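Working notes, beginning with the structure itself.
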Amino acid sequence: MKIVLVQGDITEQRVDAVVNAANSSLMGGGGVDGAIHRRGGPEIVEECRALRASRYGKGLPTGQAVATTAGRLPARWVIHTVGPVYSRSEDRSHLLASCYRESLKVADALGAGLVAFPAVSTGIYRWPLDDAARIALTAVRQAGSAVAEVRFVLFTSAAYAVFEDTLRALG
Ligand code: AR6
């Protein structure tokens, strides 16, 4: 699997699947989630509502992932995953790693070859970037997925620099 880092807006990526840093409600929010729903249009939230009604009455659990249409985005699917809120007192890194693993499992089931990820949990959920980058890059590498390319789309130059340093340090 090829891992590529880019700085930019994930809603502009021409890929098979875009991963969304969602919340359990699947009904949208701020950050990447807000941007994806705004640009992708109402079809995405309509499918999310149907998923709530059929499979996720209590919401999508943290660390899991599910796909919908990508609506008007230049991608085929959005894979929604729910990152953990960062906690100093509790180690939730297994849940953050699970977001990447489960998203790649969904991508494999869809036959998606090129998947774009944001830095899940590093915005509103406050996960420190360097730790999140290590967890993300390690989880993706170890996932054993058939996805040919994972593109990390980092919104800021600071986030891009942290991912670049971490990727280099992991060797
Ligand atoms: N493209 C790529 N990355 C982005 C974009 C974008 N368009 N916009 C923001 N980021 P966040 P979380 C970066 O807050 O921490 C929502 O309300 C951002 O700089 O989007 O997992 C959900 O509904 C940061 O590095 O997600 C949940 O309630 C990273 O994406 C909650 O926020 C993730 O930031 C999830 O919080």
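Here, A, B, ... name the chains of the structure tokens in the order displayed, residue numbers run from 1 inside each chain, and ligands are numbered from 1 in the same displayed order.
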Among region 4-106 of chain A, which ones does DSSP place in strand (DSSP E), written as a PyMOL selection string?
chain A and resi 4-7+17-22+65-69+77-82
Test item: residues lying within 10 Å of ligand 1 with only C-alpha atoms and all ligand atoms, as a PyMOL selection string
chain A and resi 6-13+18-36+39+81-86+96+116-129+132+152-160
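When CA of Glu47 (chain A) is paired with CA of Ala139 (chain A), their separation reads 27.8 Å.
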Record the distance separating CA of Ser103 (chain A) and CA of Ile79 (chain A), expressed in Å with one decimal.
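Answer for the CA of Ser103 (chain A) to CA of Ile79 (chain A) separation: 6.4 Å.
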Give me every helix (DSSP H, G or I) residue in region 13-136 of chain A, going by DSSP on the backbone, as a PyMOL selection string.
chain A and resi 31-40+42-54+93-110+129-136
Nearest to Arg49 (chain A), restricted to only C-alpha atoms and choosing among A:Thr166, A:Ser98, A:Thr68, A:Thr62, comes out as A:Thr68
Do a neighbour search on Val150 (chain A) at 8 Å with only C-alpha atoms, toss out local chain neighbours closer than 3 positions, and write the hits as a PDB file with C-alpha atoms, in the first residue's frame.
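The result, written out as result_14.pdb:
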ATOM      1  CA  MET A   1       0.000   0.000   0.000  1.00  0.00           C
ATOM      2  CA  LYS A   2       1.195   3.456  -0.932  1.00  0.00           C
ATOM      3  CA  ILE A   3       0.800   6.184   1.713  1.00  0.00           C
ATOM      4  CA  VAL A   4       0.665   9.734   0.370  1.00  0.00           C
ATOM      5  CA  LEU A 114      -7.872   5.083  -3.441  1.00  0.00           C
ATOM      6  CA  VAL A 115      -9.025   6.362  -0.064  1.00  0.00           C
ATOM      7  CA  ALA A 116      -8.543   9.820   1.476  1.00  0.00           C
ATOM      8  CA  PHE A 117      -8.402  10.242   5.259  1.00  0.00           C
ATOM      9  CA  VAL A 147      -6.518  -0.492  -0.804  1.00  0.00           C
TER      10      VAL A 147
END
What is the CA of Val162 (chain A) to CA of Cys99 (chain A) distance in Å?
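Interatomic distance here is 19.6 Å.
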